file structure15.pdb (PDB, C-alpha atoms)
ATOM      1  CA  MET A 163     -10.413  -1.315 -48.847
ATOM      2  CA  THR A 164     -13.836   0.219 -48.967
ATOM      3  CA  ARG A 165     -14.447   3.884 -48.170
ATOM      4  CA  LYS A 166     -15.341   4.666 -44.559
ATOM      5  CA  SER A 167     -17.098   7.750 -43.334
ATOM      6  CA  LYS A 168     -16.079   9.542 -40.146
ATOM      7  CA  GLN A 169     -17.350   7.810 -37.055
ATOM      8  CA  PRO A 170     -20.026   9.717 -35.095
ATOM      9  CA  GLY A 171     -18.424  11.573 -32.199
ATOM     10  CA  GLY A 172     -14.893  10.561 -33.179
ATOM     11  CA  HIS A 173     -12.106  11.473 -35.552
ATOM     12  CA  ASN A 174     -10.645   8.064 -36.442
ATOM     13  CA  PRO A 175     -12.441   6.398 -39.365
ATOM     14  CA  LEU A 176     -10.806   3.004 -38.741
ATOM     15  CA  THR A 177     -12.507  -0.174 -37.706
ATOM     16  CA  ALA A 178     -11.777  -1.877 -34.391
ATOM     17  CA  HIS A 179      -9.651  -4.511 -36.168
ATOM     18  CA  GLU A 180      -7.625  -1.876 -38.018
ATOM     19  CA  ARG A 181      -7.063   0.188 -34.877
ATOM     20  CA  LYS A 182      -5.857  -2.877 -33.023
ATOM     21  CA  LYS A 183      -3.527  -3.787 -35.858
ATOM     22  CA  LEU A 184      -2.090  -0.281 -36.379
ATOM     23  CA  LEU A 185      -1.883   0.963 -32.811
ATOM     24  CA  GLY A 186      -0.240  -2.203 -31.539
ATOM     25  CA  SER A 187       0.523  -1.686 -27.847
ATOM     26  CA  TYR A 188      -1.746   1.353 -27.386
ATOM     27  CA  GLY A 189      -5.090   1.220 -25.652
ATOM     28  CA  THR A 190      -6.460  -0.963 -22.879
ATOM     29  CA  THR A 191      -6.778  -4.593 -23.886
ATOM     30  CA  SER A 192      -9.131  -7.170 -22.394
ATOM     31  CA  VAL A 193      -9.096 -10.956 -22.615
ATOM     32  CA  ARG A 194     -11.896 -13.379 -21.824
ATOM     33  CA  LEU A 195     -10.714 -16.029 -19.375
ATOM     34  CA  GLY A 196     -11.700 -19.627 -19.969
ATOM     35  CA  SER A 197     -12.194 -22.410 -17.468
ATOM     36  CA  ALA A 198      -8.522 -23.410 -17.738
ATOM     37  CA  ALA A 199      -7.467 -19.985 -16.449
ATOM     38  CA  GLN A 200      -9.673 -20.165 -13.331
ATOM     39  CA  ARG A 201      -8.662 -21.621  -9.984
ATOM     40  CA  ARG A 202     -10.748 -24.630  -8.949
ATOM     41  CA  PHE A 203     -12.346 -24.881  -5.551
ATOM     42  CA  GLY A 204      -9.928 -26.589  -3.190
ATOM     43  CA  ASP A 205      -6.779 -25.436  -4.991
ATOM     44  CA  CYS A 206      -4.069 -23.619  -3.081
ATOM     45  CA  ALA A 207      -4.259 -19.867  -3.677
ATOM     46  CA  LEU A 208      -0.433 -19.706  -3.748
ATOM     47  CA  GLY A 209       0.581 -22.906  -5.544
ATOM     48  CA  LEU A 210      -2.536 -23.089  -7.795
ATOM     49  CA  THR A 211      -2.536 -26.860  -7.327
ATOM     50  CA  PRO A 212      -4.790 -29.106  -5.201
ATOM     51  CA  ALA A 213      -4.192 -28.110  -1.583
ATOM     52  CA  ILE A 214      -2.186 -30.593   0.492
ATOM     53  CA  ASP A 215      -2.906 -30.543   4.236
ATOM     54  CA  PRO A 216      -5.397 -27.747   3.476
ATOM     55  CA  VAL A 217      -6.025 -24.773   5.732
ATOM     56  CA  CYS A 218      -8.195 -21.714   5.293
ATOM     57  CA  THR A 219      -7.950 -18.145   6.559
ATOM     58  CA  PRO A 220     -10.752 -16.062   8.115
ATOM     59  CA  SER A 221     -11.285 -14.519   4.664
ATOM     60  CA  GLY A 222     -12.175 -17.945   3.231
ATOM     61  CA  ASN A 223      -9.121 -18.508   1.024
ATOM     62  CA  ILE A 224      -7.699 -22.038   0.921
ATOM     63  CA  TYR A 225      -3.953 -22.797   1.033
ATOM     64  CA  SER A 226      -1.611 -25.717   1.418
ATOM     65  CA  ARG A 227      -0.214 -25.577   4.937
ATOM     66  CA  GLU A 228       3.409 -25.746   3.777
ATOM     67  CA  ALA A 229       2.930 -22.938   1.246
ATOM     68  CA  ILE A 230       1.185 -20.474   3.563
ATOM     69  CA  VAL A 231       3.501 -21.180   6.530
ATOM     70  CA  SER A 232       6.576 -20.691   4.315
ATOM     71  CA  TYR A 233       5.080 -17.450   3.037
ATOM     72  CA  LEU A 234       4.390 -16.160   6.560
ATOM     73  CA  LEU A 235       7.906 -17.035   7.729
ATOM     74  CA  ALA A 236       9.506 -15.321   4.731
ATOM     75  CA  LYS A 237       7.386 -12.192   5.171
ATOM     76  CA  THR A 238       8.134 -12.095   8.903
ATOM     77  CA  GLN A 239      11.870 -12.161   8.181
ATOM     78  CA  GLU A 240      11.439  -9.362   5.635
ATOM     79  CA  LEU A 241       9.586  -7.235   8.199
ATOM     80  CA  LYS A 242      12.349  -7.804  10.752
ATOM     81  CA  GLN A 243      14.993  -6.722   8.248
ATOM     82  CA  LEU A 244      12.948  -3.644   7.377
ATOM     83  CA  ARG A 245      12.683  -2.708  11.065
ATOM     84  CA  VAL A 246      16.463  -3.054  11.545
ATOM     85  CA  GLN A 247      17.094  -0.964   8.422
ATOM     86  CA  ARG A 248      14.588   1.655   9.571
ATOM     87  CA  ASP A 249      16.274   1.853  12.995
ATOM     88  CA  VAL A 250      19.665   2.388  11.356
ATOM     89  CA  GLU A 251      18.263   5.112   9.113
ATOM     90  CA  GLU A 252      16.572   6.792  12.082
ATOM     91  CA  ALA A 253      19.832   6.740  14.063
ATOM     92  CA  GLU A 254      21.673   8.298  11.119
ATOM     93  CA  ARG A 255      18.969  10.950  10.788
ATOM     94  CA  VAL A 256      19.178  11.842  14.488
ATOM     95  CA  GLN A 257      22.954  12.081  14.180
ATOM     96  CA  ARG A 258      22.685  14.402  11.169
ATOM     97  CA  VAL A 259      20.162  16.595  12.985
ATOM     98  CA  ALA A 260      22.410  16.809  16.056
ATOM     99  CA  GLN A 261      25.395  17.635  13.860
ATOM    100  CA  SER A 262      23.528  20.377  12.005
ATOM    101  CA  GLU A 263      22.282  21.859  15.288
ATOM    102  CA  GLU A 264      25.845  21.836  16.670
ATOM    103  CA  GLU A 265      27.143  23.570  13.540
ATOM    104  CA  ALA A 266      24.384  26.168  13.786
ATOM    105  CA  ARG A 267      25.231  26.775  17.453
ATOM    106  CA  LYS A 268      28.940  27.231  16.690
ATOM    107  CA  LYS A 269      28.150  29.589  13.817
ATOM    108  CA  ALA A 270      25.831  31.673  16.033
ATOM    109  CA  ALA A 271      28.507  31.877  18.738
ATOM    110  CA  LYS A 272      31.117  32.884  16.169
ATOM    111  CA  ASP A 273      28.862  35.552  14.659
ATOM    112  CA  PHE A 274      28.093  36.944  18.122
ATOM    113  CA  LYS A 275      31.787  37.035  18.983
ATOM    114  CA  VAL A 276      32.658  38.860  15.759
ATOM    115  CA  LYS A 277      29.828  41.345  16.262
ATOM    116  CA  ASP A 278      30.592  41.945  19.954
ATOM    117  CA  GLN A 279      34.398  42.132  19.726
ATOM    118  CA  GLY A 280      34.869  43.270  16.171
ATOM    119  CA  ALA A 281      35.334  46.958  17.029
ATOM    120  CA  ALA A 282      37.936  46.152  19.681
ATOM    121  CA  ARG A 283      39.980  44.052  17.240
ATOM    122  CA  SER A 284      39.843  46.594  14.421
ATOM    123  CA  ASP A 285      42.841  48.786  13.934
ATOM    124  CA  VAL A 286      42.648  52.554  14.159
ATOM    125  CA  GLY A 287      42.451  53.130  10.417
ATOM    126  CA  THR A 288      39.689  50.629   9.799
ATOM    127  CA  HIS A 289      37.770  51.800  12.846
ATOM    128  CA  GLY A 290      38.078  55.414  11.782
ATOM    129  CA  GLN A 291      36.893  54.687   8.263
ATOM    130  CA  SER A 292      33.875  52.693   9.424
ATOM    131  CA  TYR A 293      33.065  55.365  12.004
ATOM    132  CA  GLY A 294      33.200  58.085   9.365
ATOM    133  CA  ALA A 295      31.025  56.087   6.978
ATOM    134  CA  ALA A 296      28.516  55.464   9.730
ATOM    135  CA  LEU A 297      28.287  59.166  10.517
ATOM    136  CA  GLY A 298      27.398  59.897   6.906
ATOM    137  CA  LYS A 299      24.338  57.653   7.073
ATOM    138  CA  ARG A 300      20.999  58.442   8.616
ATOM    139  CA  ILE A 301      20.603  56.799  11.964
ATOM    140  CA  SER A 302      17.565  54.526  12.010
ATOM    141  CA  THR A 303      16.100  53.171  15.216
ATOM    142  CA  GLU A 304      13.937  50.665  13.325
ATOM    143  CA  SER A 305      15.094  47.077  13.529
ATOM    144  CA  ALA A 306      15.445  44.862  10.451
ATOM    145  CA  GLU A 307      12.446  42.729  11.431
ATOM    146  CA  ALA A 308      10.233  45.787  11.972
ATOM    147  CA  GLY A 309      11.321  47.175   8.624
ATOM    148  CA  ARG A 310      10.466  43.917   6.902
ATOM    149  CA  GLU A 311       7.000  43.913   8.467
ATOM    150  CA  THR A 312       6.454  47.501   7.310
ATOM    151  CA  LEU A 313       7.554  46.615   3.776
ATOM    152  CA  LYS A 314       5.308  43.547   3.818
ATOM    153  CA  ARG A 315       2.336  45.689   4.776
ATOM    154  CA  THR A 316       2.984  48.450   2.203
ATOM    155  CA  SER A 317       4.374  46.284  -0.670
ATOM    156  CA  TYR A 318       2.186  43.219  -0.460
ATOM    157  CA  TRP A 319       2.400  42.566  -4.206
ATOM    158  CA  LEU A 320       6.034  41.513  -4.061
ATOM    159  CA  SER A 321       6.709  37.783  -4.478
ATOM    160  CA  ASP A 322       8.609  37.600  -1.190
ATOM    161  CA  PHE A 323       5.543  38.724   0.742
ATOM    162  CA  THR A 324       2.891  36.425  -0.714
ATOM    163  CA  PRO A 325       1.031  34.173   1.780
ATOM    164  CA  ASP A 326       2.986  31.092   0.721
ATOM    165  CA  ALA A 327       6.378  32.756   0.503
ATOM    166  CA  GLY A 328       7.359  32.004   4.083
ATOM    167  CA  ARG A 329       6.280  28.380   4.017
ATOM    168  CA  LYS A 330       8.856  25.653   3.552
ATOM    169  CA  THR A 331       8.349  22.738   1.245
ATOM    170  CA  THR A 332       8.416  19.173   2.495
ATOM    171  CA  GLY A 333      11.840  18.659   0.949
ATOM    172  CA  GLU A 334      13.281  21.716   2.702
ATOM    173  CA  GLU A 335      11.822  20.652   6.049
ATOM    174  CA  ASP A 336      13.192  17.127   5.657
ATOM    175  CA  GLU A 337      16.557  18.479   4.526
ATOM    176  CA  GLU A 338      16.822  20.650   7.627
ATOM    177  CA  SER A 339      15.734  17.790   9.864
ATOM    178  CA  GLY A 340      18.145  15.373   8.183
ATOM    179  CA  GLY A 341      15.422  13.146   6.716
ATOM    180  CA  SER A 342      14.430  12.232   3.197
ATOM    181  CA  SER A 343      12.000  14.128   0.990
ATOM    182  CA  THR A 344       9.507  11.248   0.923
ATOM    183  CA  ARG A 345       7.432  10.068   3.859
ATOM    184  CA  LYS A 346       7.951   6.443   4.687
ATOM    185  CA  GLU A 347       5.050   4.134   5.334
ATOM    186  CA  PRO A 348       4.912   2.526   8.779
ATOM    187  CA  ILE A 349       6.098  -1.069   8.919
ATOM    188  CA  PRO A 350       3.194  -3.428   9.775
ATOM    189  CA  ASP A 351       3.422  -5.642  12.838
ATOM    190  CA  ARG A 352       2.094  -8.704  11.019
ATOM    191  CA  PRO A 353       2.717 -10.062   7.495
ATOM    192  CA  PRO A 354      -0.147  -9.361   5.077
ATOM    193  CA  SER A 355      -2.404 -12.014   3.637
ATOM    194  CA  PRO A 356      -1.346 -12.870   0.058
ATOM    195  CA  MET A 357      -4.931 -12.512  -1.197
ATOM    196  CA  THR A 358      -6.570  -9.770   0.892
ATOM    197  CA  GLY A 359      -3.598  -7.831   2.275
ATOM    198  CA  GLU A 360      -5.020  -7.942   5.811
ATOM    199  CA  PRO A 361      -2.705  -8.850   8.726
ATOM    200  CA  LEU A 362      -2.442 -12.619   9.039
ATOM    201  CA  ARG A 363      -1.035 -14.685  11.900
ATOM    202  CA  ARG A 364      -0.085 -18.322  11.928
ATOM    203  CA  LYS A 365      -2.676 -19.110  14.580
ATOM    204  CA  ASP A 366      -5.375 -17.674  12.282
ATOM    205  CA  LEU A 367      -4.986 -20.673   9.967
ATOM    206  CA  ILE A 368      -7.893 -23.134  10.265
ATOM    207  CA  SER A 369      -7.466 -26.791   9.339
ATOM    208  CA  ILE A 370     -10.145 -28.137   7.004
ATOM    209  CA  GLU A 371     -10.849 -31.502   5.414
ATOM    210  CA  LEU A 372     -11.319 -31.692   1.630
ATOM    211  CA  ARG A 373     -12.826 -34.874   0.228
ATOM    212  CA  ARG A 374     -12.240 -35.369  -3.475
ATOM    213  CA  GLU A 375     -13.947 -37.466  -6.134
ATOM    214  CA  GLU A 376     -10.866 -39.082  -7.683
ATOM    215  CA  GLY A 377      -7.930 -39.385  -5.335
ATOM    216  CA  THR A 378      -6.149 -36.082  -4.698
ATOM    217  CA  LYS A 379      -6.868 -34.309  -8.026
ATOM    218  CA  GLY A 380     -10.626 -34.585  -8.421
ATOM    219  CA  ASN A 381     -13.276 -32.058  -7.485
ATOM    220  CA  VAL A 382     -13.957 -31.424  -3.808
ATOM    221  CA  THR A 383     -17.207 -32.979  -2.588
ATOM    222  CA  CYS A 384     -19.636 -31.865   0.099
ATOM    223  CA  ALA A 385     -19.075 -33.700   3.406
ATOM    224  CA  VAL A 386     -22.837 -34.123   3.890
ATOM    225  CA  SER A 387     -24.440 -34.624   0.466
ATOM    226  CA  GLY A 388     -21.412 -35.906  -1.468
ATOM    227  CA  LYS A 389     -22.100 -33.514  -4.363
ATOM    228  CA  ALA A 390     -19.136 -32.001  -6.218
ATOM    229  CA  ILE A 391     -18.331 -28.392  -5.311
ATOM    230  CA  THR A 392     -17.425 -26.457  -8.441
ATOM    231  CA  THR A 393     -18.772 -22.907  -8.575
ATOM    232  CA  GLN A 394     -21.363 -23.143  -5.785
ATOM    233  CA  ASP A 395     -21.126 -21.307  -2.479
ATOM    234  CA  ALA A 396     -19.534 -23.408   0.255
ATOM    235  CA  ILE A 397     -18.747 -23.027   3.946
ATOM    236  CA  GLY A 398     -16.346 -24.602   6.418
ATOM    237  CA  ILE A 399     -16.965 -25.361  10.073
ATOM    238  CA  LYS A 400     -14.104 -24.215  12.258
ATOM    239  CA  LYS A 401     -14.568 -26.766  15.064
ATOM    240  CA  THR A 402     -14.851 -29.866  12.879
ATOM    241  CA  GLY A 403     -13.051 -28.789   9.692
ATOM    242  CA  LYS A 404     -15.849 -30.148   7.511
ATOM    243  CA  VAL A 405     -16.627 -28.434   4.183
ATOM    244  CA  MET A 406     -20.143 -28.470   2.777
ATOM    245  CA  LEU A 407     -22.363 -26.649   0.312
ATOM    246  CA  LEU A 408     -24.075 -23.522   1.597
ATOM    247  CA  ASP A 409     -27.574 -24.667   0.670
ATOM    248  CA  VAL A 410     -27.004 -28.022   2.396
ATOM    249  CA  TYR A 411     -25.842 -26.178   5.501
ATOM    250  CA  GLU A 412     -28.901 -23.910   5.555
ATOM    251  CA  LYS A 413     -31.407 -26.718   4.978
ATOM    252  CA  VAL A 414     -29.919 -29.588   6.982
ATOM    253  CA  VAL A 415     -27.299 -28.382   9.438
ATOM    254  CA  LYS A 416     -28.275 -24.854  10.490
ATOM    255  CA  PRO A 417     -31.598 -25.735  12.211
ATOM    256  CA  GLU A 418     -29.838 -28.030  14.713
ATOM    257  CA  MET A 419     -26.367 -26.354  14.701
ATOM    258  CA  THR A 420     -24.833 -29.818  14.941
ATOM    259  CA  CYS A 421     -22.356 -31.268  12.485
ATOM    260  CA  PRO A 422     -24.039 -34.334  10.923
ATOM    261  CA  VAL A 423     -20.671 -36.004  10.284
ATOM    262  CA  THR A 424     -19.038 -35.683  13.708
ATOM    263  CA  GLY A 425     -22.066 -34.922  15.888
ATOM    264  CA  ARG A 426     -20.344 -31.938  17.499
ATOM    265  CA  LYS A 427     -22.310 -28.787  18.182
ATOM    266  CA  PHE A 428     -20.996 -25.441  16.945
ATOM    267  CA  LYS A 429     -21.967 -21.784  16.927
ATOM    268  CA  GLU A 430     -22.680 -19.329  14.151
ATOM    269  CA  LYS A 431     -19.232 -17.726  14.572
ATOM    270  CA  ASP A 432     -17.627 -21.102  13.715
ATOM    271  CA  VAL A 433     -19.057 -20.984  10.178
ATOM    272  CA  ILE A 434     -16.549 -19.620   7.620
ATOM    273  CA  PRO A 435     -17.748 -18.715   4.091
ATOM    274  CA  LEU A 436     -15.167 -20.058   1.638
ATOM    275  CA  GLN A 437     -14.120 -18.307  -1.546
ATOM    276  CA  LYS A 438     -15.937 -19.964  -4.397
ATOM    277  CA  ALA A 439     -14.341 -20.909  -7.689
ATOM    278  CA  ALA A 440     -15.188 -19.499 -11.119
ATOM    279  CA  SER A 441     -15.628 -20.941 -14.595
ATOM    280  CA  GLY A 442     -15.660 -19.510 -18.089
ATOM    281  CA  PHE A 443     -19.254 -18.337 -17.699
ATOM    282  CA  ALA A 444     -19.944 -14.760 -16.657
ATOM    283  CA  ALA A 445     -22.435 -15.823 -14.003
ATOM    284  CA  SER A 446     -19.699 -17.578 -11.986
ATOM    285  CA  GLY A 447     -17.669 -14.425 -11.322
ATOM    286  CA  GLU A 448     -14.988 -12.285 -12.956
ATOM    287  CA  VAL A 449     -14.106 -13.771 -16.334
ATOM    288  CA  VAL A 450     -12.516 -10.773 -18.096
ATOM    289  CA  ALA A 451      -8.934  -9.652 -17.484
ATOM    290  CA  LYS A 452      -8.017  -6.088 -18.474
ATOM    291  CA  ARG A 453      -4.631  -4.504 -18.963
ATOM    292  CA  TYR A 454      -4.399  -0.734 -19.021
ATOM    293  CA  LYS A 455      -2.143   0.880 -21.623
ATOM    294  CA  PRO A 456      -1.913   4.494 -22.859
ATOM    295  CA  THR A 457      -4.534   5.473 -25.421
ATOM    296  CA  MET A 458      -3.444   7.079 -28.669
ATOM    297  CA  THR A 459      -5.864   9.943 -29.456
TER     298      THR A 459
END

call {"tool": "encode", "arguments": {"input": "structure15.pdb", "output": "structure tokens"}}
result
Amino acid sequence: MTRKSKQPGGHNPLTAHERKKLLGSYGTTSVRLGSAAQRRFGDCALGLTPAIDPVCTPSGNIYSREAIVSYLLAKTQELKQLRVQRDVEEAERVQRVAQSEEEARKKAAKDFKVKDQGAARSDVGTHGQSYGAALGKRISTESAEAGRETLKRTSYWLSDFTPDAGRKTTGEEDEESGGSSTRKEPIPDRPPSPMTGEPLRRKDLISIELRREEGTKGNVTCAVSGKAITTQDAIGIKKTGKVMLLDVYEKVVKPEMTCPVTGRKFKEKDVIPLQKAASGFAASGEVVAKRYKPTMT
């Protein structure tokens, strides 16, 4: 192996190949994705196969109807179970809080009873001894709280009198209230979209028609021009379900706002931009996948 000088601005005189070989699993790795790793236009975003009975969401993602409906049903059941579990936990928390408050009330009543009736229950010897000891002490009219405030003002450097000393941590507050030390996220009302995470309802699904070149596995073609849709921008019309290239829509369809296939008129809000596919070329979209791993320095 030839001699290597120290790299400028670094301390490791190894080449990139040697670092990768020696460090093994350290450092962020990146892989260039080829065309085989990309999802084609018209493939289901869940099954990664040509969409059957295709539907699209307002975000422009295409799914097979069976796959997306099954997903929504499963997520809805999970949310229901989470709500039931959360209700049970909340009931247990309320019960623990009520129990702790009841115990505190009983303890306060017991302490008051001992303090108020303690002298009457004491025998003569004990009462005499405590009375004699009390006479030997200096009588102070200052209450304990007033004394603590005085000490806080004159001895502010003590750790017990710092500004944050009286504050309770989140764990202590939750422990006193009967809850857990971590805040729980609210349960959403609707299941999230598998691609965007936004709330998605079943009635948000829009039926579309995908024409393919070769049966059910070929590329999707434009409903107007018949050209194959690979990595170009495409749109779908909500009222008719037709899918066409964006440039064809802007040049042919948009001036009249009438679907040339069905003859039905539509509005601008009925046009849904569909998520376009990518290839192995950088111009088509994201083609590099990165995986973060700790760096050895």

call {"tool": "residues_around", "arguments": {"input": "structure15.pdb", "residues": "Ser232 in chain A", "least_positions_apart": "4", "cutoff": "12 Å", "atoms": "only C-alpha atoms", "output": "number ranges by chain"}}
result
A: 208-209, 225-228, 236-239, 353, 356, 364

call {"tool": "atom_distance", "arguments": {"input": "structure15.pdb", "atom1": "CA of Pro417 in chain A", "atom2": "CA of Lys389 in chain A"}}
result
20.6 Å

call {"tool": "residues_around", "arguments": {"input": "structure15.pdb", "residues": "Glu376 in chain A", "least_positions_apart": "6", "cutoff": "12 Å", "atoms": "only C-alpha atoms", "output": "short mmCIF file (atom, residue, chain, number, x, y, z; two decimals) with C-alpha atoms, in the frame of the given file"}}
result
data_model
loop_
_atom_site.label_atom_id
_atom_site.label_comp_id
_atom_site.auth_asym_id
_atom_site.auth_seq_id
_atom_site.Cartn_x
_atom_site.Cartn_y
_atom_site.Cartn_z
CA PRO A 212 -4.79 -29.11 -5.20
CA VAL A 382 -13.96 -31.42 -3.81
CA THR A 383 -17.21 -32.98 -2.59
CA ALA A 390 -19.14 -32.00 -6.22
#

call {"tool": "atom_distance", "arguments": {"input": "structure15.pdb", "atom1": "CA of Val386 in chain A", "atom2": "CA of Ala213 in chain A"}}
result
20.3 Å

call {"tool": "closest_residue", "arguments": {"input": "structure15.pdb", "among": "A:Asp395, A:Glu180, A:Asp215, A:Glu311", "to": "Arg373 in chain A", "atoms": "all atoms listed in the file"}}
result
A:Asp215

call {"tool": "resolve_selection", "arguments": {"input": "structure15.pdb", "expression": "the PyMOL selection byres ((chain A and resi 397-403) around 8)", "output": "mmCIF file with C-alpha atoms, in the frame of the given file"}}
result
data_model
loop_
_atom_site.group_PDB
_atom_site.id
_atom_site.type_symbol
_atom_site.label_atom_id
_atom_site.label_comp_id
_atom_site.auth_asym_id
_atom_site.auth_seq_id
_atom_site.Cartn_x
_atom_site.Cartn_y
_atom_site.Cartn_z
ATOM 1 C CA ILE A 368 -7.893 -23.134 10.265
ATOM 2 C CA SER A 369 -7.466 -26.791 9.339
ATOM 3 C CA ILE A 370 -10.145 -28.137 7.004
ATOM 4 C CA GLU A 371 -10.849 -31.502 5.414
ATOM 5 C CA ASP A 395 -21.126 -21.307 -2.479
ATOM 6 C CA ALA A 396 -19.534 -23.408 0.255
ATOM 7 C CA LYS A 404 -15.849 -30.148 7.511
ATOM 8 C CA VAL A 405 -16.627 -28.434 4.183
ATOM 9 C CA MET A 406 -20.143 -28.470 2.777
ATOM 10 C CA LEU A 407 -22.363 -26.649 0.312
ATOM 11 C CA LEU A 408 -24.075 -23.522 1.597
ATOM 12 C CA TYR A 411 -25.842 -26.178 5.501
ATOM 13 C CA CYS A 421 -22.356 -31.268 12.485
ATOM 14 C CA THR A 424 -19.038 -35.683 13.708
ATOM 15 C CA ARG A 426 -20.344 -31.938 17.499
ATOM 16 C CA PHE A 428 -20.996 -25.441 16.945
ATOM 17 C CA ASP A 432 -17.627 -21.102 13.715
ATOM 18 C CA VAL A 433 -19.057 -20.984 10.178
ATOM 19 C CA ILE A 434 -16.549 -19.620 7.620
ATOM 20 C CA PRO A 435 -17.748 -18.715 4.091
ATOM 21 C CA LEU A 436 -15.167 -20.058 1.638
#

call {"tool": "closest_residue", "arguments": {"input": "structure15.pdb", "among": "A:Ala271, A:Val246, A:Val193, A:Ala178", "to": "Val449 in chain A", "atoms": "only C-alpha atoms"}}
result
A:Val193

call {"tool": "atom_distance", "arguments": {"input": "structure15.pdb", "atom1": "CA of Arg245 in chain A", "atom2": "CA of Leu367 in chain A"}}
result
25.2 Å

call {"tool": "closest_residue", "arguments": {"input": "structure15.pdb", "among": "A:Phe274, A:Tyr233, A:Asn381, A:Leu241", "to": "Met357 in chain A", "atoms": "all atoms listed in the file"}}
result
A:Tyr233
